[in-house]
>>> print(open('entry.cif').read())   # mmCIF, C-alpha atoms
data_protein
#
loop_
_atom_site.group_PDB
_atom_site.id
_atom_site.type_symbol
_atom_site.label_atom_id
_atom_site.label_comp_id
_atom_site.auth_asym_id
_atom_site.auth_seq_id
_atom_site.Cartn_x
_atom_site.Cartn_y
_atom_site.Cartn_z
ATOM 1 C CA MET A 1 64.752 -34.261 188.975
ATOM 2 C CA GLN A 2 61.134 -34.196 188.019
ATOM 3 C CA LYS A 3 58.977 -32.174 190.361
ATOM 4 C CA GLN A 4 56.480 -34.347 192.235
ATOM 5 C CA ARG A 5 52.890 -33.358 191.492
ATOM 6 C CA LYS A 6 50.480 -32.868 194.357
ATOM 7 C CA VAL A 7 47.943 -35.636 194.296
ATOM 8 C CA TYR A 8 44.567 -35.115 196.057
ATOM 9 C CA PRO A 9 43.263 -38.014 198.076
ATOM 10 C CA SER A 10 40.900 -40.198 196.123
ATOM 11 C CA GLY A 11 37.232 -39.090 196.243
ATOM 12 C CA HIS A 12 37.725 -35.553 197.714
ATOM 13 C CA ALA A 13 37.051 -33.618 194.543
ATOM 14 C CA PRO A 14 33.765 -35.403 193.778
ATOM 15 C CA ILE A 15 32.652 -34.876 197.391
ATOM 16 C CA ARG A 16 33.384 -31.148 197.099
ATOM 17 C CA TRP A 17 31.334 -30.905 193.909
ATOM 18 C CA ILE A 18 28.478 -32.849 195.492
ATOM 19 C CA SER A 19 28.512 -30.415 198.440
ATOM 20 C CA TRP A 20 28.231 -27.427 196.124
ATOM 21 C CA LEU A 21 25.475 -29.147 194.164
ATOM 22 C CA LEU A 22 23.476 -29.899 197.337
ATOM 23 C CA LEU A 23 23.902 -26.306 198.485
ATOM 24 C CA ALA A 24 22.568 -25.020 195.166
ATOM 25 C CA LEU A 25 19.609 -27.390 195.299
ATOM 26 C CA SER A 26 18.825 -26.277 198.869
ATOM 27 C CA ALA A 27 18.806 -22.654 197.774
ATOM 28 C CA LEU A 28 16.418 -23.484 194.933
ATOM 29 C CA MET A 29 14.097 -25.317 197.333
ATOM 30 C CA VAL A 30 14.026 -22.312 199.717
ATOM 31 C CA LEU A 31 13.235 -19.940 196.856
ATOM 32 C CA SER A 32 10.519 -22.298 195.607
ATOM 33 C CA GLY A 33 8.994 -22.435 199.079
ATOM 34 C CA LEU A 34 8.922 -18.650 199.367
ATOM 35 C CA THR A 35 7.319 -18.343 195.941
ATOM 36 C CA ALA A 36 4.654 -20.896 196.832
ATOM 37 C CA ARG A 37 3.931 -19.122 200.108
ATOM 38 C CA GLU A 38 3.354 -15.822 198.314
ATOM 39 C CA LYS A 39 0.575 -17.510 196.339
ATOM 40 C CA VAL A 40 -1.407 -18.594 199.405
ATOM 41 C CA GLY A 41 -0.722 -15.978 202.055
ATOM 42 C CA ASN A 42 1.662 -13.582 203.756
ATOM 43 C CA THR A 43 4.662 -14.457 205.867
ATOM 44 C CA ILE A 44 3.916 -13.645 209.518
ATOM 45 C CA VAL A 45 6.371 -11.499 211.456
ATOM 46 C CA PRO A 46 6.542 -12.809 215.057
ATOM 47 C CA LEU A 47 5.100 -10.284 217.505
ATOM 48 C CA PRO A 48 3.972 -10.401 221.163
ATOM 49 C CA THR A 49 0.443 -11.737 221.502
ATOM 50 C CA GLU A 50 -0.754 -10.500 224.895
ATOM 51 C CA THR A 51 -4.457 -10.785 224.181
ATOM 52 C CA PRO A 52 -7.340 -12.807 225.654
ATOM 53 C CA TYR A 53 -7.576 -14.774 222.402
ATOM 54 C CA PRO A 54 -5.097 -17.328 221.001
ATOM 55 C CA LEU A 55 -3.036 -15.478 218.408
ATOM 56 C CA THR A 56 -0.092 -17.802 217.881
ATOM 57 C CA GLU A 57 2.972 -16.294 216.273
ATOM 58 C CA HIS A 58 3.294 -19.155 213.787
ATOM 59 C CA PHE A 59 1.131 -19.063 210.686
ATOM 60 C CA ASP A 60 -0.386 -22.499 210.138
ATOM 61 C CA GLU A 61 -1.027 -22.780 206.384
ATOM 62 C CA THR A 62 -3.008 -26.031 206.547
ATOM 63 C CA MET A 63 -6.081 -25.635 204.352
ATOM 64 C CA GLU A 64 -9.414 -26.436 205.946
ATOM 65 C CA THR A 65 -13.069 -25.451 206.048
ATOM 66 C CA CYS A 66 -14.671 -24.178 209.235
ATOM 67 C CA GLN A 67 -18.174 -23.099 210.238
ATOM 68 C CA TRP A 68 -19.258 -21.328 213.384
ATOM 69 C CA THR A 69 -21.961 -18.895 214.491
ATOM 70 C CA LEU A 70 -21.523 -15.294 215.552
ATOM 71 C CA PRO A 71 -23.547 -14.853 218.756
ATOM 72 C CA ALA A 72 -26.582 -12.610 218.967
ATOM 73 C CA VAL A 73 -25.831 -9.078 220.161
ATOM 74 C CA GLU A 74 -28.314 -7.026 222.169
ATOM 75 C CA TRP A 75 -27.988 -3.563 223.671
ATOM 76 C CA TYR A 76 -30.458 -0.984 225.006
ATOM 77 C CA ALA A 77 -30.074 2.610 223.948
ATOM 78 C CA LEU A 78 -31.615 5.821 225.187
ATOM 79 C CA GLN A 79 -33.264 7.459 222.205
ATOM 80 C CA MET A 80 -33.737 11.215 222.458
ATOM 81 C CA GLY A 81 -35.631 11.582 219.193
ATOM 82 C CA ALA A 82 -36.350 10.006 215.806
ATOM 83 C CA PHE A 83 -36.695 11.946 212.550
ATOM 84 C CA ASP A 84 -37.294 11.486 208.864
ATOM 85 C CA SER A 85 -34.929 14.394 208.210
ATOM 86 C CA GLU A 86 -31.190 13.955 208.829
ATOM 87 C CA GLU A 87 -30.784 17.707 209.296
ATOM 88 C CA SER A 88 -33.360 17.826 212.097
ATOM 89 C CA ALA A 89 -31.707 14.850 213.768
ATOM 90 C CA ARG A 90 -28.286 16.499 213.633
ATOM 91 C CA ILE A 91 -29.563 19.665 215.273
ATOM 92 C CA LEU A 92 -30.880 17.680 218.230
ATOM 93 C CA ALA A 93 -27.743 15.502 218.320
ATOM 94 C CA GLU A 94 -25.485 18.546 218.683
ATOM 95 C CA GLN A 95 -27.594 19.828 221.558
ATOM 96 C CA PHE A 96 -27.157 16.601 223.516
ATOM 97 C CA GLN A 97 -23.448 16.340 222.687
ATOM 98 C CA GLY A 98 -23.028 19.677 224.445
ATOM 99 C CA ARG A 99 -24.504 18.077 227.559
ATOM 100 C CA GLY A 100 -22.188 15.035 227.612
ATOM 101 C CA ALA A 101 -24.389 12.594 225.677
ATOM 102 C CA ALA A 102 -23.336 10.731 222.549
ATOM 103 C CA GLY A 103 -25.753 12.458 220.200
ATOM 104 C CA TYR A 104 -25.143 9.610 217.774
ATOM 105 C CA LEU A 105 -27.204 9.303 214.600
ATOM 106 C CA TRP A 106 -28.345 5.714 214.216
ATOM 107 C CA GLN A 107 -29.881 5.221 210.799
ATOM 108 C CA ASP A 108 -32.366 2.522 209.881
ATOM 109 C CA GLU A 109 -35.738 3.503 208.462
ATOM 110 C CA ARG A 110 -35.349 6.779 210.392
ATOM 111 C CA TYR A 111 -32.605 8.964 211.867
ATOM 112 C CA ARG A 112 -32.464 8.208 215.583
ATOM 113 C CA VAL A 113 -30.572 10.377 218.065
ATOM 114 C CA LEU A 114 -29.054 8.079 220.699
ATOM 115 C CA ALA A 115 -27.518 9.227 223.987
ATOM 116 C CA ALA A 116 -25.875 6.046 225.317
ATOM 117 C CA ILE A 117 -26.195 2.254 225.385
ATOM 118 C CA TYR A 118 -26.563 -0.228 228.244
ATOM 119 C CA LYS A 119 -26.162 -3.991 228.569
ATOM 120 C CA SER A 120 -29.507 -4.596 230.233
ATOM 121 C CA GLU A 121 -32.975 -3.151 229.849
ATOM 122 C CA ALA A 122 -33.123 -2.566 233.611
ATOM 123 C CA ASP A 123 -30.011 -0.361 233.517
ATOM 124 C CA ALA A 124 -31.376 1.639 230.604
ATOM 125 C CA ARG A 125 -34.727 2.143 232.344
ATOM 126 C CA GLN A 126 -33.026 3.312 235.521
ATOM 127 C CA VAL A 127 -31.004 5.971 233.691
ATOM 128 C CA ARG A 128 -34.072 6.986 231.701
ATOM 129 C CA GLN A 129 -35.988 7.494 234.942
ATOM 130 C CA GLN A 130 -33.159 9.580 236.417
ATOM 131 C CA LEU A 131 -33.060 11.800 233.340
ATOM 132 C CA SER A 132 -36.793 12.350 233.599
ATOM 133 C CA GLN A 133 -36.958 13.015 237.338
ATOM 134 C CA GLN A 134 -33.719 14.938 237.861
ATOM 135 C CA HIS A 135 -33.282 16.747 234.543
ATOM 136 C CA GLU A 136 -36.777 16.696 233.007
ATOM 137 C CA VAL A 137 -35.405 15.062 229.865
ATOM 138 C CA ASP A 138 -37.703 12.734 227.954
ATOM 139 C CA SER A 139 -36.236 9.661 226.302
ATOM 140 C CA TYR A 140 -37.301 6.293 224.925
ATOM 141 C CA LEU A 141 -35.818 2.823 225.029
ATOM 142 C CA PHE A 142 -34.472 1.624 221.700
ATOM 143 C CA ARG A 143 -33.341 -1.987 221.522
ATOM 144 C CA ILE A 144 -30.415 -2.728 219.225
ATOM 145 C CA SER A 145 -30.474 -6.396 218.307
ATOM 146 C CA LEU A 146 -28.105 -8.223 215.966
ATOM 147 C CA PRO A 147 -29.286 -11.792 215.276
ATOM 148 C CA PRO A 148 -26.842 -14.710 215.267
ATOM 149 C CA VAL A 149 -25.080 -15.195 211.939
ATOM 150 C CA ALA A 150 -23.557 -18.381 210.517
ATOM 151 C CA VAL A 151 -19.985 -17.999 209.252
ATOM 152 C CA SER A 152 -18.302 -20.281 206.721
ATOM 153 C CA ILE A 153 -14.644 -19.921 205.789
ATOM 154 C CA HIS A 154 -12.393 -22.008 203.573
ATOM 155 C CA GLY A 155 -8.778 -21.046 204.031
ATOM 156 C CA MET A 156 -5.615 -21.612 206.003
ATOM 157 C CA ARG A 157 -5.881 -22.516 209.665
ATOM 158 C CA GLY A 158 -3.955 -19.366 210.585
ATOM 159 C CA GLN A 159 -6.513 -17.254 208.730
ATOM 160 C CA ILE A 160 -9.434 -18.951 210.472
ATOM 161 C CA GLU A 161 -7.769 -18.459 213.863
ATOM 162 C CA ILE A 162 -7.280 -14.708 213.433
ATOM 163 C CA LEU A 163 -10.735 -14.171 211.933
ATOM 164 C CA GLN A 164 -12.385 -15.839 214.924
ATOM 165 C CA ALA A 165 -10.248 -13.747 217.263
ATOM 166 C CA ALA A 166 -11.097 -10.562 215.367
ATOM 167 C CA PHE A 167 -14.840 -11.154 215.754
ATOM 168 C CA GLY A 168 -14.337 -11.755 219.473
ATOM 169 C CA HIS A 169 -12.281 -8.584 219.909
ATOM 170 C CA ALA A 170 -14.830 -6.534 217.973
ATOM 171 C CA ALA A 171 -17.634 -7.644 220.309
ATOM 172 C CA ASP A 172 -15.457 -7.088 223.387
ATOM 173 C CA LEU A 173 -14.599 -3.595 222.178
ATOM 174 C CA ILE A 174 -18.229 -2.513 222.588
ATOM 175 C CA SER A 175 -18.448 -3.999 226.088
ATOM 176 C CA ASN A 176 -15.166 -2.421 227.178
ATOM 177 C CA LEU A 177 -16.164 0.997 225.863
ATOM 178 C CA GLN A 178 -19.581 0.828 227.517
ATOM 179 C CA GLU A 179 -17.896 -0.086 230.811
ATOM 180 C CA ALA A 180 -15.552 2.884 230.366
ATOM 181 C CA CYS A 181 -18.589 5.131 229.844
ATOM 182 C CA LEU A 182 -20.115 3.988 233.148
ATOM 183 C CA LYS A 183 -16.863 4.561 235.040
ATOM 184 C CA SER A 184 -16.529 7.991 233.505
ATOM 185 C CA ASP A 185 -20.091 8.963 234.475
ATOM 186 C CA ARG A 186 -19.516 7.716 238.029
ATOM 187 C CA SER A 187 -16.070 9.358 238.291
ATOM 188 C CA GLU A 188 -14.591 6.038 239.392
ATOM 189 C CA ASN A 189 -11.156 6.826 237.960
ATOM 190 C CA THR A 190 -9.032 9.788 236.957
ATOM 191 C CA ARG A 191 -8.733 11.087 233.402
ATOM 192 C CA ASP A 192 -5.249 9.619 233.079
ATOM 193 C CA GLU A 193 -6.540 6.231 234.242
ATOM 194 C CA GLN A 194 -9.385 6.422 231.746
ATOM 195 C CA ILE A 195 -7.034 7.198 228.866
ATOM 196 C CA GLU A 196 -4.628 4.461 229.946
ATOM 197 C CA ALA A 197 -7.442 1.898 229.842
ATOM 198 C CA LEU A 198 -8.623 3.116 226.428
ATOM 199 C CA GLN A 199 -5.062 2.991 225.075
ATOM 200 C CA ALA A 200 -4.681 -0.595 226.328
ATOM 201 C CA ILE A 201 -7.739 -1.512 224.263
ATOM 202 C CA HIS A 202 -6.129 0.279 221.329
ATOM 203 C CA GLU A 203 -2.961 -1.828 221.585
ATOM 204 C CA GLN A 204 -5.001 -5.016 221.372
ATOM 205 C CA MET A 205 -6.940 -3.735 218.379
ATOM 206 C CA GLN A 206 -3.701 -2.807 216.610
ATOM 207 C CA LEU A 207 -2.301 -6.309 217.021
ATOM 208 C CA VAL A 208 -5.462 -7.983 215.733
ATOM 209 C CA LYS A 209 -5.586 -5.577 212.786
ATOM 210 C CA LEU A 210 -1.955 -6.335 211.939
ATOM 211 C CA ARG A 211 -2.663 -10.055 211.925
ATOM 212 C CA LEU A 212 -5.617 -9.526 209.581
ATOM 213 C CA TYR A 213 -3.402 -7.556 207.186
ATOM 214 C CA GLN A 214 -0.714 -10.232 207.294
ATOM 215 C CA ARG A 215 -2.871 -13.310 206.912
ATOM 216 C CA PHE A 216 -5.372 -11.980 204.359
ATOM 217 C CA PRO A 217 -3.526 -10.591 201.310
ATOM 218 C CA GLU A 218 -5.378 -8.383 198.856
ATOM 219 C CA PRO A 219 -7.959 -8.631 197.461
ATOM 220 C CA ARG A 220 -9.559 -9.148 200.885
ATOM 221 C CA ASN A 221 -13.048 -10.431 201.553
ATOM 222 C CA ALA A 222 -15.588 -7.721 202.401
ATOM 223 C CA CYS A 223 -16.080 -8.874 206.006
ATOM 224 C CA VAL A 224 -12.291 -8.794 206.625
ATOM 225 C CA VAL A 225 -12.186 -5.254 205.233
ATOM 226 C CA ALA A 226 -15.135 -4.285 207.467
ATOM 227 C CA LEU A 227 -13.370 -5.622 210.566
ATOM 228 C CA ILE A 228 -10.200 -3.719 209.672
ATOM 229 C CA ASP A 229 -12.287 -0.554 209.196
ATOM 230 C CA LEU A 230 -13.828 -1.051 212.651
ATOM 231 C CA PHE A 231 -10.392 -1.346 214.287
ATOM 232 C CA ASP A 232 -9.032 1.571 212.234
ATOM 233 C CA ASP A 233 -11.933 3.734 213.367
ATOM 234 C CA TYR A 234 -11.190 3.032 217.024
ATOM 235 C CA SER A 235 -7.497 3.730 216.398
ATOM 236 C CA ARG A 236 -8.313 7.223 215.159
ATOM 237 C CA TYR A 237 -10.381 7.854 218.292
ATOM 238 C CA ALA A 238 -7.697 6.522 220.650
ATOM 239 C CA GLU A 239 -4.910 8.482 218.964
ATOM 240 C CA ALA A 240 -6.893 11.719 219.369
ATOM 241 C CA LEU A 241 -7.532 11.283 223.121
ATOM 242 C CA ASP A 242 -6.663 14.427 225.051
ATOM 243 C CA SER A 243 -6.259 14.554 228.822
ATOM 244 C CA GLN A 244 -6.993 18.284 228.733
ATOM 245 C CA GLN A 245 -10.446 17.996 227.172
ATOM 246 C CA PRO A 246 -13.374 19.314 229.232
ATOM 247 C CA GLU A 247 -15.196 16.511 231.035
ATOM 248 C CA VAL A 248 -18.441 17.049 229.104
ATOM 249 C CA LEU A 249 -16.682 16.780 225.740
ATOM 250 C CA PHE A 250 -14.623 13.754 226.818
ATOM 251 C CA SER A 251 -17.758 11.941 228.000
ATOM 252 C CA ALA A 252 -19.705 12.796 224.842
ATOM 253 C CA MET A 253 -16.909 11.553 222.567
ATOM 254 C CA LEU A 254 -16.523 8.313 224.542
ATOM 255 C CA LYS A 255 -20.254 7.551 224.325
ATOM 256 C CA HIS A 256 -20.262 8.521 220.655
ATOM 257 C CA GLN A 257 -17.369 6.144 219.890
ATOM 258 C CA THR A 258 -19.114 3.324 221.755
ATOM 259 C CA LEU A 259 -22.197 3.658 219.583
ATOM 260 C CA ARG A 260 -20.149 4.160 216.437
ATOM 261 C CA SER A 261 -18.203 0.943 217.089
ATOM 262 C CA LEU A 262 -21.488 -0.896 217.609
ATOM 263 C CA ASP A 263 -22.822 0.555 214.355
ATOM 264 C CA LEU A 264 -19.707 -0.656 212.498
ATOM 265 C CA LEU A 265 -20.144 -4.088 214.070
ATOM 266 C CA ARG A 266 -23.715 -4.063 212.765
ATOM 267 C CA GLN A 267 -22.297 -3.540 209.275
ATOM 268 C CA VAL A 268 -19.919 -6.491 209.745
ATOM 269 C CA TYR A 269 -22.839 -8.734 210.718
ATOM 270 C CA ALA A 270 -24.809 -7.562 207.692
ATOM 271 C CA ILE A 271 -21.915 -8.391 205.342
ATOM 272 C CA VAL A 272 -21.286 -11.814 206.871
ATOM 273 C CA GLU A 273 -24.966 -12.751 206.737
ATOM 274 C CA ASN A 274 -24.871 -13.331 202.986
ATOM 275 C CA THR A 275 -21.165 -13.916 202.469
ATOM 276 C CA GLU A 276 -18.981 -17.003 202.350
ATOM 277 C CA THR A 277 -15.581 -15.906 203.604
ATOM 278 C CA THR A 278 -12.713 -17.292 201.560
#
>>> encode(input="entry.cif", output="structure tokens")
Amino acid sequence: MQKQRKVYPSGHAPIRWISWLLLALSALMVLSGLTAREKVGNTIVPLPTETPYPLTEHFDETMETCQWTLPAVEWYALQMGAFDSEESARILAEQFQGRGAAGYLWQDERYRVLAAIYKSEADARQVRQQLSQQHEVDSYLFRISLPPVAVSIHGMRGQIEILQAAFGHAADLISNLQEACLKSDRSENTRDEQIEALQAIHEQMQLVKLRLYQRFPEPRNACVVALIDLFDDYSRYAEALDSQQPEVLFSAMLKHQTLRSLDLLRQVYAIVENTETT
């Protein structure tokens, strides 16, 4: 008796081949999408975004052009001296650092030794008067003014979003550090509380910096690099914080970092002034 052959139901084999073909085409489409994405930007790894600025986890790759203006920045510094010689300025700076002041060298047409910065001229004048009357220390008011700068960027919406947030965080960093300086001088919190607050700022800066790295692949625009350098600089300061430091040294380093961050922000403004960010 002839063995009966197994007969597959009509149409099953073609359907199976169509399924495999669709699966292969889907894989090719996914690979093509990944390749195209590499050409225009990085893939964003979802991370928590607990910051005052909108840093959505999803990377919107819609291309667009955006213009906005960086606001004017104005601070008032106590200047302890101004020199044509950097060496002379450094000698004076070290003397004031030993007394809890920043002793920061601010360079423009001269080398200026700055002790601290304040949000208002009235605050700066009050401290200047106290230094004169109580400690017989002469100082001068030095206004640090960064004019408003127009920004133009052509890129993905996710890039524009993080760049705007980065500028906002950079400006807030100066304000937060200056506020920390005042609290430290007034002994309004303990050393551990001070370090905790400074580390919280550090966590925000790290997240913004990570987003900049992710959304702006190399080669990066100069202003993006300058913002990353500003955040990196604060990271080095925050990672070196020591609860056992003498109060005078802790205060001097905090004031110094405040002025240094402002100086790095000045460099960002200078780069943006004549740069179209793409």
>>> closest_residue(input="entry.cif", among="A:His169, A:His135, A:Lys255, A:Lys119", to="Val208 (chain A)", atoms="all atoms listed in the file")
A:His169
>>> resolve_selection(input="entry.cif", expression="the PyMOL selection byres ((chain A and resi 147-149) around 6)", output="PyMOL selection string")
chain A and resi 69-72+146+150+273
>>> write_last_selection(input="entry.cif", atoms="C-alpha atoms", output="mmCIF file, keeping the file's coordinate frame")
data_model
loop_
_atom_site.group_PDB
_atom_site.id
_atom_site.type_symbol
_atom_site.label_atom_id
_atom_site.label_comp_id
_atom_site.auth_asym_id
_atom_site.auth_seq_id
_atom_site.Cartn_x
_atom_site.Cartn_y
_atom_site.Cartn_z
ATOM 1 C CA THR A 69 -21.961 -18.895 214.491
ATOM 2 C CA LEU A 70 -21.523 -15.294 215.552
ATOM 3 C CA PRO A 71 -23.547 -14.853 218.756
ATOM 4 C CA ALA A 72 -26.582 -12.610 218.967
ATOM 5 C CA LEU A 146 -28.105 -8.223 215.966
ATOM 6 C CA ALA A 150 -23.557 -18.381 210.517
ATOM 7 C CA GLU A 273 -24.966 -12.751 206.737
#
>>> resolve_selection(input="entry.cif", expression="the PyMOL selection byres ((chain A and resi 231) around 10)", output="list of chain:residue names")
A:Ala166, A:His169, A:Ala170, A:Leu173, A:His202, A:Gln204, A:Met205, A:Gln206, A:Leu207, A:Val208, A:Lys209, A:Ala226, A:Leu227, A:Ile228, A:Asp229, A:Leu230, A:Asp232, A:Asp233, A:Tyr234, A:Ser235, A:Arg236, A:Ser261, A:Leu264
>>> write_last_selection(input="entry.cif", atoms="C-alpha atoms", output="short mmCIF file (atom, residue, chain, number, x, y, z; two decimals), keeping the file's coordinate frame")
data_model
loop_
_atom_site.label_atom_id
_atom_site.label_comp_id
_atom_site.auth_asym_id
_atom_site.auth_seq_id
_atom_site.Cartn_x
_atom_site.Cartn_y
_atom_site.Cartn_z
CA ALA A 166 -11.10 -10.56 215.37
CA HIS A 169 -12.28 -8.58 219.91
CA ALA A 170 -14.83 -6.53 217.97
CA LEU A 173 -14.60 -3.60 222.18
CA HIS A 202 -6.13 0.28 221.33
CA GLN A 204 -5.00 -5.02 221.37
CA MET A 205 -6.94 -3.74 218.38
CA GLN A 206 -3.70 -2.81 216.61
CA LEU A 207 -2.30 -6.31 217.02
CA VAL A 208 -5.46 -7.98 215.73
CA LYS A 209 -5.59 -5.58 212.79
CA ALA A 226 -15.14 -4.28 207.47
CA LEU A 227 -13.37 -5.62 210.57
CA ILE A 228 -10.20 -3.72 209.67
CA ASP A 229 -12.29 -0.55 209.20
CA LEU A 230 -13.83 -1.05 212.65
CA ASP A 232 -9.03 1.57 212.23
CA ASP A 233 -11.93 3.73 213.37
CA TYR A 234 -11.19 3.03 217.02
CA SER A 235 -7.50 3.73 216.40
CA ARG A 236 -8.31 7.22 215.16
CA SER A 261 -18.20 0.94 217.09
CA LEU A 264 -19.71 -0.66 212.50
#
>>> atom_distance(input="entry.cif", atom1="CA of Arg143 (chain A)", atom2="CA of Ala116 (chain A)")
11.6 Å
>>> closest_residue(input="entry.cif", among="A:Ala77, A:Leu163, A:Ile144, A:Leu131", to="Asp108 (chain A)", atoms="only C-alpha atoms")
A:Ile144
>>> resolve_selection(input="entry.cif", expression="the PyMOL selection byres ((chain A and resi 86-91) around 12)", output="PyMOL selection string")
chain A and resi 79-85+92-98+102-114
>>> write_last_selection(input="entry.cif", atoms="C-alpha atoms", output="PDB file, in the coordinates of the input")
ATOM      1  CA  GLN A  79     -33.264   7.459 222.205  1.00  0.00           C
ATOM      2  CA  MET A  80     -33.737  11.215 222.458  1.00  0.00           C
ATOM      3  CA  GLY A  81     -35.631  11.582 219.193  1.00  0.00           C
ATOM      4  CA  ALA A  82     -36.350  10.006 215.806  1.00  0.00           C
ATOM      5  CA  PHE A  83     -36.695  11.946 212.550  1.00  0.00           C
ATOM      6  CA  ASP A  84     -37.294  11.486 208.864  1.00  0.00           C
ATOM      7  CA  SER A  85     -34.929  14.394 208.210  1.00  0.00           C
ATOM      8  CA  LEU A  92     -30.880  17.680 218.230  1.00  0.00           C
ATOM      9  CA  ALA A  93     -27.743  15.502 218.320  1.00  0.00           C
ATOM     10  CA  GLU A  94     -25.485  18.546 218.683  1.00  0.00           C
ATOM     11  CA  GLN A  95     -27.594  19.828 221.558  1.00  0.00           C
ATOM     12  CA  PHE A  96     -27.157  16.601 223.516  1.00  0.00           C
ATOM     13  CA  GLN A  97     -23.448  16.340 222.687  1.00  0.00           C
ATOM     14  CA  GLY A  98     -23.028  19.677 224.445  1.00  0.00           C
ATOM     15  CA  ALA A 102     -23.336  10.731 222.549  1.00  0.00           C
ATOM     16  CA  GLY A 103     -25.753  12.458 220.200  1.00  0.00           C
ATOM     17  CA  TYR A 104     -25.143   9.610 217.774  1.00  0.00           C
ATOM     18  CA  LEU A 105     -27.204   9.303 214.600  1.00  0.00           C
ATOM     19  CA  TRP A 106     -28.345   5.714 214.216  1.00  0.00           C
ATOM     20  CA  GLN A 107     -29.881   5.221 210.799  1.00  0.00           C
ATOM     21  CA  ASP A 108     -32.366   2.522 209.881  1.00  0.00           C
ATOM     22  CA  GLU A 109     -35.738   3.503 208.462  1.00  0.00           C
ATOM     23  CA  ARG A 110     -35.349   6.779 210.392  1.00  0.00           C
ATOM     24  CA  TYR A 111     -32.605   8.964 211.867  1.00  0.00           C
ATOM     25  CA  ARG A 112     -32.464   8.208 215.583  1.00  0.00           C
ATOM     26  CA  VAL A 113     -30.572  10.377 218.065  1.00  0.00           C
ATOM     27  CA  LEU A 114     -29.054   8.079 220.699  1.00  0.00           C
TER      28      LEU A 114
END
>>> closest_residue(input="entry.cif", among="A:Trp75, A:Tyr237, A:Phe216, A:Tyr140", to="Leu262 (chain A)", atoms="all atoms listed in the file")
A:Trp75
>>> atom_distance(input="entry.cif", atom1="CA of Trp68 (chain A)", atom2="CA of Cys223 (chain A)")
14.8 Å
>>> atom_distance(input="entry.cif", atom1="CA of Gly158 (chain A)", atom2="CA of Val73 (chain A)")
26.0 Å
>>> axis_aligned_box(input="entry.cif", around="region 81-87 of chain A", padding_each_side="6 Å", output="AutoDock Vina command-line options")
--center_x -34.0 --center_y 13.9 --center_z 213.7 --size_x 18.5 --size_y 19.7 --size_z 23.0
>>> residues_around(input="entry.cif", residues="Ile174 (chain A)", least_positions_apart="6", cutoff="10 Å", atoms="all atoms listed in the file", output="ChimeraX atom specification")
/A:75,117,180,257-263,265
>>> write_last_selection(input="entry.cif", atoms="C-alpha atoms", output="PDB file, in the frame of the given file")
ATOM      1  CA  TRP A  75     -27.988  -3.563 223.671  1.00  0.00           C
ATOM      2  CA  ILE A 117     -26.195   2.254 225.385  1.00  0.00           C
ATOM      3  CA  ALA A 180     -15.552   2.884 230.366  1.00  0.00           C
ATOM      4  CA  GLN A 257     -17.369   6.144 219.890  1.00  0.00           C
ATOM      5  CA  THR A 258     -19.114   3.324 221.755  1.00  0.00           C
ATOM      6  CA  LEU A 259     -22.197   3.658 219.583  1.00  0.00           C
ATOM      7  CA  ARG A 260     -20.149   4.160 216.437  1.00  0.00           C
ATOM      8  CA  SER A 261     -18.203   0.943 217.089  1.00  0.00           C
ATOM      9  CA  LEU A 262     -21.488  -0.896 217.609  1.00  0.00           C
ATOM     10  CA  ASP A 263     -22.822   0.555 214.355  1.00  0.00           C
ATOM     11  CA  LEU A 265     -20.144  -4.088 214.070  1.00  0.00           C
TER      12      LEU A 265
END
